[in-house]
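What follows is start_1.cif (mmCIF, C-alpha atoms).
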data_my_file
#
loop_
_atom_site.label_atom_id
_atom_site.label_comp_id
_atom_site.auth_asym_id
_atom_site.auth_seq_id
_atom_site.Cartn_x
_atom_site.Cartn_y
_atom_site.Cartn_z
CA MET A 50 43.30 -12.23 10.71
CA ARG A 51 40.45 -10.32 12.31
CA ASN A 52 42.72 -7.30 12.79
CA THR A 53 43.81 -7.39 9.15
CA THR A 54 40.17 -7.47 8.04
CA PHE A 55 39.39 -4.57 10.36
CA LEU A 56 42.31 -2.53 8.96
CA PHE A 57 41.28 -3.33 5.41
CA ILE A 58 37.70 -2.17 6.08
CA CYS A 59 39.04 1.04 7.70
CA PHE A 60 41.29 1.63 4.70
CA MET A 61 38.44 1.09 2.22
CA SER A 62 36.17 3.41 4.23
CA PHE A 63 38.95 6.00 4.19
CA LEU A 64 39.20 5.70 0.41
CA GLY A 65 35.42 5.84 0.19
CA VAL A 66 35.30 9.13 2.06
CA PHE A 67 37.88 10.67 -0.24
CA ALA A 68 36.38 9.29 -3.44
CA GLN A 69 33.47 11.62 -2.70
CA SER A 70 34.60 15.25 -2.58
CA PRO A 71 32.36 18.33 -2.37
CA LEU A 72 32.22 20.73 -5.31
CA ASP A 73 33.14 24.35 -4.64
CA LYS A 74 30.51 27.04 -5.20
CA GLN A 75 31.54 27.88 -8.75
CA GLU A 76 31.74 24.24 -9.84
CA ALA A 77 28.35 23.57 -8.29
CA LEU A 78 26.78 26.57 -10.01
CA ALA A 79 28.21 25.65 -13.42
CA PHE A 80 27.06 22.07 -13.01
CA LYS A 81 23.58 23.12 -11.86
CA GLN A 82 23.22 25.41 -14.88
CA ALA A 83 24.24 22.56 -17.19
CA VAL A 84 21.63 20.25 -15.63
CA VAL A 85 18.87 22.85 -15.79
CA LYS A 86 19.75 23.55 -19.43
CA THR A 87 19.62 19.84 -20.28
CA ALA A 88 16.32 19.46 -18.38
CA ASN A 89 14.78 22.49 -20.11
CA THR A 90 15.66 21.21 -23.57
CA THR A 91 14.33 17.73 -22.80
CA LYS A 92 11.18 16.98 -24.72
CA THR A 93 11.27 13.20 -24.37
CA ILE A 94 13.23 10.53 -22.55
CA VAL A 95 13.23 6.80 -23.13
CA SER A 96 15.36 4.53 -21.01
CA ASP A 97 15.74 1.07 -19.59
CA PHE A 98 16.09 0.88 -15.85
CA VAL A 99 16.99 -1.53 -13.08
CA GLN A 100 15.46 -0.92 -9.67
CA TYR A 101 17.04 -2.30 -6.50
CA LYS A 102 15.09 -2.28 -3.27
CA HIS A 103 17.52 -2.58 -0.40
CA LEU A 104 16.28 -3.59 3.02
CA ASN A 105 19.01 -3.96 5.61
CA PHE A 106 17.71 -7.29 6.92
CA LEU A 107 17.51 -9.03 3.51
CA ASN A 108 20.27 -11.21 2.03
CA ASN A 109 19.71 -9.77 -1.45
CA ASP A 110 18.27 -6.59 -2.89
CA ILE A 111 14.96 -7.02 -4.71
CA LYS A 112 15.69 -6.39 -8.37
CA THR A 113 13.03 -5.29 -10.85
CA VAL A 114 13.66 -4.32 -14.45
CA GLY A 115 11.72 -2.14 -16.84
CA LYS A 116 11.41 0.74 -19.28
CA LEU A 117 10.72 4.41 -18.76
CA ALA A 118 9.12 6.85 -21.19
CA PHE A 119 8.73 10.56 -20.54
CA LYS A 120 7.16 13.25 -22.70
CA SER A 121 7.17 16.91 -21.72
CA PRO A 122 5.52 18.43 -19.84
CA ASN A 123 4.02 15.71 -17.66
CA LEU A 124 3.47 12.33 -19.33
CA ILE A 125 5.44 9.55 -17.73
CA LYS A 126 5.27 5.79 -17.97
CA TRP A 127 7.04 3.25 -15.78
CA GLU A 128 6.78 -0.19 -17.26
CA TYR A 129 8.15 -3.05 -15.16
CA THR A 130 8.81 -6.11 -17.26
CA GLU A 131 10.77 -8.45 -14.98
CA PRO A 132 10.10 -10.41 -12.81
CA TYR A 133 6.48 -9.33 -13.26
CA LYS A 134 4.51 -6.98 -15.48
CA TYR A 135 3.30 -3.72 -14.03
CA THR A 136 2.71 -0.41 -15.76
CA ALA A 137 2.03 2.97 -14.18
CA ILE A 138 1.21 5.95 -16.36
CA PHE A 139 1.11 9.41 -14.85
CA ASN A 140 -0.97 11.62 -17.10
CA GLU A 141 -1.65 15.06 -15.63
CA ASN A 142 -3.80 14.40 -12.57
CA LYS A 143 -4.41 10.74 -13.19
CA LEU A 144 -2.51 7.60 -12.46
CA PHE A 145 -3.33 4.63 -14.68
CA VAL A 146 -2.15 1.24 -13.51
CA ASN A 147 -2.04 -2.10 -15.28
CA ASP A 148 -0.99 -4.66 -12.69
CA GLY A 149 -0.47 -7.85 -14.67
CA GLY A 150 -3.76 -7.37 -16.52
CA ASP A 151 -5.71 -5.80 -13.64
CA LYS A 152 -6.40 -2.23 -14.73
CA SER A 153 -7.26 0.65 -12.46
CA ASN A 154 -7.03 4.39 -12.46
CA ILE A 155 -6.73 6.82 -9.62
CA ASP A 156 -7.66 10.47 -9.75
CA VAL A 157 -4.82 12.07 -7.90
CA GLY A 158 -5.94 15.62 -8.61
CA SER A 159 -7.16 16.06 -5.07
CA SER A 160 -4.13 14.52 -3.44
CA LYS A 161 -1.44 17.09 -2.76
CA MET A 162 0.93 14.36 -1.61
CA PHE A 163 0.54 12.50 -4.87
CA LYS A 164 1.04 15.66 -6.93
CA ASN A 165 4.26 16.29 -5.05
CA PHE A 166 5.29 12.69 -5.61
CA ASN A 167 4.58 12.98 -9.35
CA ASN A 168 6.57 16.21 -9.57
CA LEU A 169 9.42 14.54 -7.74
CA ILE A 170 9.41 11.65 -10.19
CA ILE A 171 9.41 13.92 -13.23
CA ASN A 172 12.06 16.24 -11.79
CA SER A 173 14.30 13.40 -10.68
CA VAL A 174 14.10 11.76 -14.11
CA LYS A 175 15.02 15.08 -15.72
CA GLY A 176 17.54 15.81 -12.99
CA ASN A 177 16.04 19.16 -12.12
CA MET A 178 15.26 19.05 -8.42
CA PHE A 179 17.09 22.23 -7.47
CA ASN A 180 14.42 23.69 -5.26
CA ASP A 181 16.08 25.42 -2.33
CA GLU A 182 12.79 25.87 -0.52
CA GLU A 183 12.15 22.12 -0.50
CA PHE A 184 15.65 20.75 -0.04
CA VAL A 185 19.05 21.32 1.48
CA ILE A 186 21.27 20.62 -1.52
CA ASN A 187 24.89 19.46 -1.52
CA TYR A 188 27.11 18.74 -4.52
CA TYR A 189 29.86 16.13 -4.74
CA ARG A 190 32.28 14.68 -7.22
CA VAL A 191 32.31 10.86 -7.14
CA ASP A 192 34.82 9.34 -9.54
CA ASP A 193 33.62 10.25 -13.04
CA PHE A 194 30.22 11.44 -11.86
CA TYR A 195 28.61 14.26 -10.00
CA MET A 196 26.35 13.36 -7.13
CA VAL A 197 23.80 15.73 -5.66
CA ARG A 198 22.22 15.04 -2.29
CA PHE A 199 18.80 16.55 -1.63
CA ILE A 200 17.67 16.52 1.98
CA PRO A 201 14.00 17.44 2.39
CA LYS A 202 13.25 20.39 4.62
CA LYS A 203 9.63 19.59 5.28
CA GLU A 204 8.75 17.35 8.20
CA ASN A 205 6.05 15.42 6.33
CA MET A 206 8.51 14.36 3.63
CA LEU A 207 11.30 13.69 6.11
CA SER A 208 9.10 11.10 7.80
CA PHE A 209 9.53 8.79 4.80
CA ILE A 210 12.56 10.11 2.87
CA ALA A 211 15.83 11.05 4.58
CA SER A 212 17.46 12.10 1.30
CA PHE A 213 17.57 11.73 -2.47
CA GLU A 214 20.88 11.17 -4.21
CA LEU A 215 20.99 11.87 -7.92
CA THR A 216 24.08 10.80 -9.82
CA PHE A 217 24.88 12.60 -13.08
CA ASP A 218 27.11 11.85 -16.02
CA LYS A 219 29.75 14.61 -15.93
CA LYS A 220 29.75 15.18 -19.68
CA THR A 221 26.05 15.08 -20.50
CA ALA A 222 24.68 16.36 -17.15
CA ASP A 223 22.21 13.50 -17.48
CA VAL A 224 20.82 11.53 -14.50
CA VAL A 225 22.19 8.00 -14.43
CA LYS A 226 21.09 6.94 -10.93
CA VAL A 227 18.39 7.94 -8.48
CA LYS A 228 18.68 6.77 -4.89
CA MET A 229 15.93 7.39 -2.35
CA ILE A 230 17.13 6.80 1.17
CA GLU A 231 14.62 6.23 3.94
CA PRO A 232 15.07 7.32 7.56
CA SER A 233 15.84 3.65 8.40
CA ASP A 234 18.72 3.64 5.85
CA ASP A 235 16.82 1.25 3.63
CA TYR A 236 16.80 2.60 0.11
CA THR A 237 15.51 2.30 -3.45
CA LEU A 238 18.10 2.66 -6.19
CA ILE A 239 17.13 3.15 -9.83
CA VAL A 240 19.89 2.81 -12.41
CA PHE A 241 19.13 4.06 -15.92
CA LYS A 242 20.59 2.34 -18.96
CA ASN A 243 20.39 3.11 -22.69
CA LYS A 244 18.89 6.50 -21.89
CA LYS A 245 17.93 8.52 -24.96
CA ARG A 246 16.75 12.11 -25.02
CA ASN A 247 14.51 13.81 -27.54
CA THR A 248 13.72 10.83 -29.73
CA THR A 249 10.19 10.64 -31.12
CA VAL A 250 7.78 9.31 -28.51
CA LEU A 251 4.19 8.96 -29.66
CA ASN A 252 1.31 9.87 -27.33
CA GLU A 253 -0.07 6.35 -27.84
CA VAL A 254 2.74 5.08 -25.63
CA PHE A 255 0.88 6.65 -22.69
CA HIS A 256 -2.50 5.16 -23.49
CA HIS A 257 -3.98 2.92 -20.86
CA MET B 125 -47.42 -26.05 17.21
CA ARG B 126 -45.58 -24.60 20.17
CA TYR B 127 -43.22 -27.57 20.04
CA PHE B 128 -42.61 -26.92 16.32
CA ILE B 129 -41.73 -23.25 16.89
CA ILE B 130 -39.42 -24.11 19.79
CA SER B 131 -37.78 -26.74 17.58
CA ILE B 132 -37.11 -24.16 14.87
CA PHE B 133 -35.54 -21.79 17.37
CA VAL B 134 -33.45 -24.52 18.91
CA PHE B 135 -32.37 -25.80 15.50
CA SER B 136 -31.51 -22.35 14.12
CA GLY B 137 -29.72 -21.53 17.36
CA LEU B 138 -27.70 -24.70 17.14
CA SER B 139 -26.90 -24.30 13.46
CA SER B 140 -25.67 -20.72 13.90
CA CYS B 141 -23.40 -21.93 16.68
CA ALA B 142 -21.94 -24.80 14.68
CA LEU B 143 -18.70 -23.84 12.99
CA SER B 144 -18.89 -24.75 9.31
CA THR B 145 -15.10 -25.18 9.11
CA THR B 146 -15.15 -28.60 10.78
CA LYS B 147 -18.72 -29.59 9.90
CA ALA B 148 -17.70 -32.30 7.44
CA ALA B 149 -14.93 -33.56 9.70
CA VAL B 150 -14.80 -35.89 12.66
CA GLU B 151 -12.85 -35.17 15.78
CA VAL B 152 -9.91 -37.46 16.38
CA ALA B 153 -7.68 -37.93 19.40
CA PRO B 154 -4.76 -35.46 19.40
CA SER B 155 -1.71 -37.26 18.08
CA VAL B 156 0.86 -34.46 17.99
CA ALA B 157 1.91 -31.88 20.56
CA ILE B 158 3.02 -29.36 17.95
CA TYR B 159 2.19 -28.84 14.28
CA HIS B 160 4.94 -27.08 12.28
CA ASN B 161 4.06 -24.61 9.54
CA PHE B 162 7.27 -24.38 7.50
CA TYR B 163 6.20 -21.76 4.93
CA PHE B 164 8.11 -18.84 6.49
CA SER B 165 10.48 -20.78 8.68
CA ASP B 166 13.85 -20.60 6.88
CA LYS B 167 16.16 -17.89 8.22
CA THR B 168 18.37 -18.07 5.12
CA GLN B 169 15.47 -17.32 2.79
CA ASP B 170 14.22 -13.91 1.63
CA TYR B 171 10.48 -14.45 1.09
CA VAL B 172 9.56 -11.91 -1.59
CA TYR B 173 6.06 -11.86 -3.06
CA LYS B 174 4.33 -9.72 -5.62
CA ALA B 175 1.14 -8.63 -3.88
CA LYS B 176 -2.22 -7.70 -5.36
CA ILE B 177 -4.66 -6.26 -2.91
CA ASN B 178 -8.33 -5.58 -3.37
CA ALA B 179 -9.72 -3.55 -0.51
CA PHE B 180 -13.14 -1.94 -0.52
CA ASP B 181 -13.31 -2.30 -4.34
CA THR B 182 -9.95 -0.63 -4.89
CA ASN B 183 -7.04 -2.49 -6.44
CA PHE B 184 -3.48 -1.78 -5.56
CA GLY B 185 -0.28 -3.70 -5.87
CA GLY B 186 3.12 -3.90 -4.33
CA ILE B 187 5.74 -6.19 -2.93
CA LEU B 188 5.46 -8.11 0.33
CA ILE B 189 8.67 -9.16 1.99
CA VAL B 190 8.83 -11.60 4.89
CA LYS B 191 12.07 -12.47 6.63
CA LYS B 192 12.64 -14.73 9.59
CA LEU B 193 15.30 -13.03 11.69
CA GLY B 194 15.37 -15.23 14.76
CA ASP B 195 13.70 -18.28 16.26
CA GLN B 196 10.61 -16.27 17.14
CA ASN B 197 11.13 -13.13 15.14
CA HIS B 198 9.84 -12.10 11.71
CA ARG B 199 10.02 -8.84 9.81
CA ILE B 200 7.19 -8.06 7.37
CA VAL B 201 7.47 -5.16 4.94
CA PHE B 202 5.11 -4.01 2.21
CA THR B 203 6.30 -1.58 -0.46
CA THR B 204 4.72 -0.12 -3.57
CA ASP B 205 6.06 -1.36 -6.89
CA PHE B 206 8.19 1.82 -6.93
CA GLY B 207 9.81 0.77 -3.67
CA ASN B 208 8.12 3.21 -1.29
CA LYS B 209 7.47 1.58 2.06
CA ILE B 210 3.83 1.28 3.05
CA PHE B 211 4.39 -0.60 6.27
CA ASP B 212 7.15 -2.32 8.18
CA PHE B 213 6.16 -4.64 11.02
CA GLU B 214 8.01 -6.96 13.34
CA ILE B 215 6.48 -9.92 15.12
CA GLY B 216 8.53 -11.38 17.93
CA LYS B 217 8.60 -12.45 21.54
CA GLU B 218 7.71 -8.92 22.59
CA GLY B 219 4.64 -8.96 20.39
CA PHE B 220 3.72 -6.89 17.36
CA LYS B 221 5.79 -3.80 16.60
CA THR B 222 5.16 -1.17 13.93
CA HIS B 223 8.48 0.17 12.62
CA TYR B 224 6.70 2.25 10.02
CA ALA B 225 3.26 2.65 8.49
CA ILE B 226 1.96 5.38 6.21
CA GLU B 227 -0.37 7.75 7.98
CA GLN B 228 -3.54 6.33 6.40
CA LEU B 229 -2.82 2.85 7.79
CA ASN B 230 -1.29 3.82 11.10
CA LYS B 231 -4.54 3.36 13.01
CA GLY B 232 -5.37 0.86 15.73
CA ALA B 233 -8.17 -1.01 13.94
CA VAL B 234 -6.23 -1.31 10.66
CA LEU B 235 -3.05 -2.42 12.40
CA LYS B 236 -5.05 -5.06 14.29
CA ILE B 237 -6.21 -6.57 10.97
CA PHE B 238 -2.61 -6.74 9.73
CA GLN B 239 -1.43 -8.14 13.05
CA ARG B 240 -3.95 -10.98 12.94
CA ASP B 241 -3.23 -11.76 9.28
CA PHE B 242 0.53 -11.84 9.61
CA GLU B 243 0.68 -13.56 13.00
CA THR B 244 -1.36 -16.37 11.48
CA LEU B 245 0.69 -16.41 8.28
CA ILE B 246 4.11 -16.71 9.93
CA LYS B 247 3.29 -18.74 13.05
CA GLU B 248 5.57 -21.73 12.87
CA ASN B 249 4.97 -23.86 15.96
CA VAL B 250 1.28 -24.42 16.41
CA VAL B 251 -0.11 -26.13 19.51
CA PRO B 252 -3.29 -28.03 18.57
CA VAL B 253 -6.08 -27.97 21.14
CA LYS B 254 -8.21 -30.29 19.02
CA MET B 255 -7.72 -32.38 15.90
CA PHE B 256 -10.20 -33.33 13.19
CA ARG B 257 -10.10 -35.35 10.03
CA ASP B 258 -12.12 -35.09 6.84
CA LYS B 259 -11.84 -37.00 3.53
CA GLU B 260 -8.72 -35.13 2.42
CA ASN B 261 -7.19 -33.38 5.40
CA MET B 262 -6.00 -33.61 8.92
CA ILE B 263 -7.20 -30.47 10.66
CA TYR B 264 -5.33 -28.94 13.58
CA ARG B 265 -7.22 -26.40 15.66
CA SER B 266 -5.17 -23.92 17.67
CA ILE B 267 -6.00 -20.79 19.65
CA LEU B 268 -4.87 -17.34 18.56
CA ASP B 269 -5.94 -14.25 20.43
CA LYS B 270 -9.22 -15.73 21.76
CA ARG B 271 -10.02 -17.10 18.30
CA TYR B 272 -9.23 -20.31 16.43
CA ASN B 273 -6.91 -21.16 13.59
CA HIS B 274 -7.62 -24.37 11.69
CA TYR B 275 -4.70 -25.83 9.76
CA PHE B 276 -5.84 -28.08 6.89
CA VAL B 277 -3.03 -30.48 6.03
CA ASP B 278 -3.42 -32.78 3.01
CA LEU B 279 -3.40 -36.40 4.16
CA GLU B 280 -1.42 -37.57 1.12
CA THR B 281 1.06 -34.79 0.38
CA LYS B 282 1.32 -33.54 4.02
CA GLU B 283 1.21 -30.02 2.59
CA LEU B 284 -0.56 -27.24 4.45
CA GLN B 285 -3.47 -26.37 2.13
CA ARG B 286 -5.14 -23.61 4.10
CA ILE B 287 -5.57 -21.95 7.43
CA VAL B 288 -9.09 -20.96 8.40
CA HIS B 289 -9.26 -18.29 11.07
CA THR B 290 -12.54 -18.37 12.99
CA THR B 291 -14.38 -17.18 16.03
CA LYS B 292 -16.28 -19.87 17.93
CA THR B 293 -19.08 -19.75 15.36
CA LYS B 294 -17.93 -17.95 12.21
CA GLU B 295 -15.19 -18.14 9.61
CA LYS B 296 -13.33 -14.82 9.41
CA ILE B 297 -10.27 -15.31 7.22
CA VAL B 298 -9.11 -18.06 4.86
CA PHE B 299 -5.42 -18.38 3.96
CA SER B 300 -4.98 -20.68 0.93
CA PHE B 301 -1.59 -22.02 -0.12
CA SER B 302 -0.87 -23.48 -3.55
CA SER B 303 1.96 -24.19 -6.01
CA VAL B 304 4.03 -25.47 -3.11
CA LYS B 305 7.69 -26.21 -3.92
CA GLY B 306 9.68 -27.57 -0.99
CA ASP B 307 8.75 -25.41 1.97
CA ILE B 308 7.66 -22.42 -0.12
CA ALA B 309 4.08 -21.68 -1.07
CA LYS B 310 4.39 -19.86 -4.39
CA LYS B 311 0.79 -18.69 -4.35
CA ILE B 312 -1.02 -17.48 -1.28
CA LYS B 313 -4.50 -16.00 -1.04
CA ILE B 314 -5.74 -14.23 2.07
CA LEU B 315 -9.51 -13.86 1.87
CA HIS B 316 -11.39 -11.90 4.51
CA LYS B 317 -14.95 -13.12 4.76
CA LYS B 318 -16.33 -10.30 6.86
CA LEU B 319 -14.38 -7.48 5.22
CA PRO B 320 -14.02 -6.56 1.53
CA LEU B 321 -10.34 -7.37 1.63
CA THR B 322 -8.45 -9.94 -0.45
CA ILE B 323 -4.69 -10.28 -0.77
CA ASP B 324 -3.07 -12.40 -3.48
CA LEU B 325 0.62 -13.18 -3.19
CA PHE B 326 2.87 -14.56 -5.94
CA TYR B 327 6.38 -15.68 -5.06
CA LEU B 328 9.08 -13.77 -6.96
CA ASN B 329 12.46 -15.35 -6.21
#
Any chance you could put this one into structure tokens?
Amino acid sequence: MRNTTFLFICFMSFLGVFAQSPLDKQEALAFKQAVVKTANTTKTIVSDFVQYKHLNFLNNDIKTVGKLAFKSPNLIKWEYTEPYKYTAIFNENKLFVNDGGDKSNIDVGSSKMFKNFNNLIINSVKGNMFNDEEFVINYYRVDDFYMVRFIPKKENMLSFIASFELTFDKKTADVVKVKMIEPSDDYTLIVFKNKKRNTTVLNEVFHH
Amino acid sequence: MRYFIISIFVFSGLSSCALSTTKAAVEVAPSVAIYHNFYFSDKTQDYVYKAKINAFDTNFGGILIVKKLGDQNHRIVFTTDFGNKIFDFEIGKEGFKTHYAIEQLNKGAVLKIFQRDFETLIKENVVPVKMFRDKENMIYRSILDKRYNHYFVDLETKELQRIVHTTKTKEKIVFSFSSVKGDIAKKIKILHKKLPLTIDLFYLN
């Protein structure tokens, strides 16, 4: 029985490897252009999301649910609604937080790390993270999706992120999943649902 | 007059030495060899708490995860609400191990505060060196790292209400447990009396 299980796992791993195939240069370039075009024409995004925090030693991933709103060029709001209420609004150089009624704001203008983090969030939501100076970038086809793996080049980022994996809808070149993998192999996975581009999003949405 | 002044000095000296934690209690003969704190003792349970921290007048939130991995082994991880890891500690037979901590926290004095807080929080088998009793609680005093932990256990419900961490003369940290369901404290407050640091935990599962 144990041998059968072992063979089954090997077989599934084998399938897993082949379900993910690298794009050739031309495919990758065409895809990248499509994503950049979509990102450049994105004025607003609204979406539901489910976030899974995976820690290897836990029985279950920690699931949080919420809504995202983005307005070009740099207004972004993450609103967690379940199992608790928490809102973070990035507005230029400020981060406004409402943690279940406790409000605070942080001036992140002086923090280079936070600026980078904010840019990463915005770019990953839009899908446009194709910065060759910052990342080693590899393109894959996974079933009906494209997956792009971004491996940071800089040591300071590598100390907390081993790689980002962005999964795109093949047809719309739209990000459907963002996975941030830590050096320990623990990860955070954000799955977008009901994502809508370029609907009207009022500035009031980003008021604290 | 001289007698009066000496009396004041003696009295103030005595009162500063007396630990307020057990002031209203009377010492009783030890009746148990070990007191069990069950709040983080179930290996099958993922203990996941929403955390709100106020440190030096700054508020920040996140998620605190505690997992018992072995008989004397706990993993304690704190992440932001976005999932970024802030720290990842392990407390086991070999002591306190930092798997990861962001640069700003990865300093000896800061880690020592976390170590003391979490060792107290997860310690399951407590050996009382003295026992006290007040109107509502049985109080078990144990030794941790040259200091004392006082476990206040409600006489009626047998629930652990709080742990008061002290030196010989002063209260340093108070851990309060409330909304207890089974062996899970759904609300926990960690209040530092000598540091502007308060941690509120709300059970999520």
### Query
For chain A, which residues have at least one atom within 7 Å of chain B, if we go by only C-alpha atoms? Write them as number ranges by chain, please.
A: 102, 107-108, 132, 148, 153, 237
### Message
Once the PyMOL selection byres ((chain B and resi 294) around 12) is applied to the coordinates I shared, what remains selected? I want it as a list in words.
### Response
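Evaluating the PyMOL selection byres ((chain B and resi 294) around 12) on these coordinates yields Ser139, Ser140, Cys141, Ala142, Leu143, Ser144, Thr145, Thr146, Lys147, Arg271, Tyr272, Asn273, Val288, His289, Thr290, Thr291, Lys292, Thr293, Glu295, Lys296, Ile297, Val298, His316, Lys317 and Lys318 of chain B.
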### Task
Taking the point (27.6, 13.0, -6.6) as given in the file, collect each protein or nucleic acid residue that comes within 12 Å of it, counting only C-alpha atoms, and present the set as a PyMOL selection string.
chain A and resi 68-72+77+80+186-199+213-219+222+224-228
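Computed from the coordinates, the CA of Gly150 in chain A to CA of Asn123 in chain A distance equals 24.4 Å.
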Would you mind listing, for every residue of range 165-278 of chain B within 12 Å of range 310-315 of chain B, the two atoms forming the shortest contact and the distance between them in Å to one decimal, using only C-alpha atoms, sorted by chain and ascending residue number, as a Markdown table?
| residue | atom | partner | partner_atom | distance |
| --- | --- | --- | --- | --- |
| B:Tyr171 | CA | B:Lys310 | CA | 9.8 |
| B:Val172 | CA | B:Lys310 | CA | 9.9 |
| B:Tyr173 | CA | B:Lys310 | CA | 8.3 |
| B:Lys174 | CA | B:Lys311 | CA | 9.7 |
| B:Ala175 | CA | B:Ile312 | CA | 9.5 |
| B:Lys176 | CA | B:Lys313 | CA | 9.6 |
| B:Ile177 | CA | B:Ile314 | CA | 9.5 |
| B:Asn178 | CA | B:Leu315 | CA | 9.9 |
| B:Ala179 | CA | B:Leu315 | CA | 10.6 |
| B:Leu188 | CA | B:Ile312 | CA | 11.5 |
| B:Ile237 | CA | B:Ile314 | CA | 11.8 |
| B:Phe238 | CA | B:Ile314 | CA | 11.2 |
| B:Arg240 | CA | B:Ile314 | CA | 11.5 |
| B:Asp241 | CA | B:Ile314 | CA | 8.0 |
| B:Phe242 | CA | B:Ile314 | CA | 10.1 |
| B:Thr244 | CA | B:Ile314 | CA | 10.6 |
| B:Leu245 | CA | B:Ile314 | CA | 9.2 |
Missing atoms of range 67-72 of chain A rebuilt to all heavy atoms, written as a PDB file, keeping the file's coordinate frame:
ATOM      1  N   PHE A  67      37.172   9.732   0.638  1.00  0.00           N
ATOM      2  CA  PHE A  67      37.880  10.670  -0.240  1.00  0.00           C
ATOM      3  C   PHE A  67      37.509  10.545  -1.710  1.00  0.00           C
ATOM      4  O   PHE A  67      37.776  11.435  -2.494  1.00  0.00           O
ATOM      5  CB  PHE A  67      39.398  10.539  -0.027  1.00  0.00           C
ATOM      6  CG  PHE A  67      39.815  11.273   1.203  1.00  0.00           C
ATOM      7  CD1 PHE A  67      39.715  10.672   2.452  1.00  0.00           C
ATOM      8  CD2 PHE A  67      40.232  12.588   1.134  1.00  0.00           C
ATOM      9  CE1 PHE A  67      40.051  11.358   3.597  1.00  0.00           C
ATOM     10  CE2 PHE A  67      40.564  13.286   2.280  1.00  0.00           C
ATOM     11  CZ  PHE A  67      40.476  12.661   3.518  1.00  0.00           C
ATOM     12  N   ALA A  68      36.841   9.421  -2.060  1.00  0.00           N
ATOM     13  CA  ALA A  68      36.380   9.290  -3.440  1.00  0.00           C
ATOM     14  C   ALA A  68      35.220  10.252  -3.687  1.00  0.00           C
ATOM     15  O   ALA A  68      34.893  10.565  -4.810  1.00  0.00           O
ATOM     16  CB  ALA A  68      35.951   7.870  -3.716  1.00  0.00           C
ATOM     17  N   GLN A  69      34.608  10.706  -2.586  1.00  0.00           N
ATOM     18  CA  GLN A  69      33.470  11.620  -2.700  1.00  0.00           C
ATOM     19  C   GLN A  69      33.895  12.985  -2.156  1.00  0.00           C
ATOM     20  O   GLN A  69      34.050  13.147  -0.955  1.00  0.00           O
ATOM     21  CB  GLN A  69      32.319  11.041  -1.870  1.00  0.00           C
ATOM     22  CG  GLN A  69      31.099  11.914  -1.813  1.00  0.00           C
ATOM     23  CD  GLN A  69      30.046  11.299  -0.898  1.00  0.00           C
ATOM     24  OE1 GLN A  69      29.671  10.144  -1.050  1.00  0.00           O
ATOM     25  NE2 GLN A  69      29.571  12.063   0.063  1.00  0.00           N
ATOM     26  N   SER A  70      34.145  13.952  -3.072  1.00  0.00           N
ATOM     27  CA  SER A  70      34.600  15.250  -2.580  1.00  0.00           C
ATOM     28  C   SER A  70      33.599  16.339  -2.970  1.00  0.00           C
ATOM     29  O   SER A  70      33.046  16.315  -4.074  1.00  0.00           O
ATOM     30  CB  SER A  70      35.980  15.565  -3.154  1.00  0.00           C
ATOM     31  OG  SER A  70      35.919  15.546  -4.558  1.00  0.00           O
ATOM     32  N   PRO A  71      33.353  17.295  -2.072  1.00  0.00           N
ATOM     33  CA  PRO A  71      32.360  18.330  -2.370  1.00  0.00           C
ATOM     34  C   PRO A  71      32.817  19.256  -3.480  1.00  0.00           C
ATOM     35  O   PRO A  71      34.017  19.521  -3.628  1.00  0.00           O
ATOM     36  CB  PRO A  71      32.234  19.081  -1.045  1.00  0.00           C
ATOM     37  CG  PRO A  71      33.283  18.585  -0.146  1.00  0.00           C
ATOM     38  CD  PRO A  71      33.966  17.429  -0.760  1.00  0.00           C
ATOM     39  N   LEU A  72      31.892  19.741  -4.287  1.00  0.00           N
ATOM     40  CA  LEU A  72      32.220  20.730  -5.310  1.00  0.00           C
ATOM     41  C   LEU A  72      32.288  22.107  -4.652  1.00  0.00           C
ATOM     42  O   LEU A  72      31.556  22.370  -3.703  1.00  0.00           O
ATOM     43  CB  LEU A  72      31.128  20.781  -6.391  1.00  0.00           C
ATOM     44  CG  LEU A  72      30.832  19.529  -7.215  1.00  0.00           C
ATOM     45  CD1 LEU A  72      29.878  19.884  -8.358  1.00  0.00           C
ATOM     46  CD2 LEU A  72      32.107  18.921  -7.782  1.00  0.00           C
TER      47      LEU A  72
END
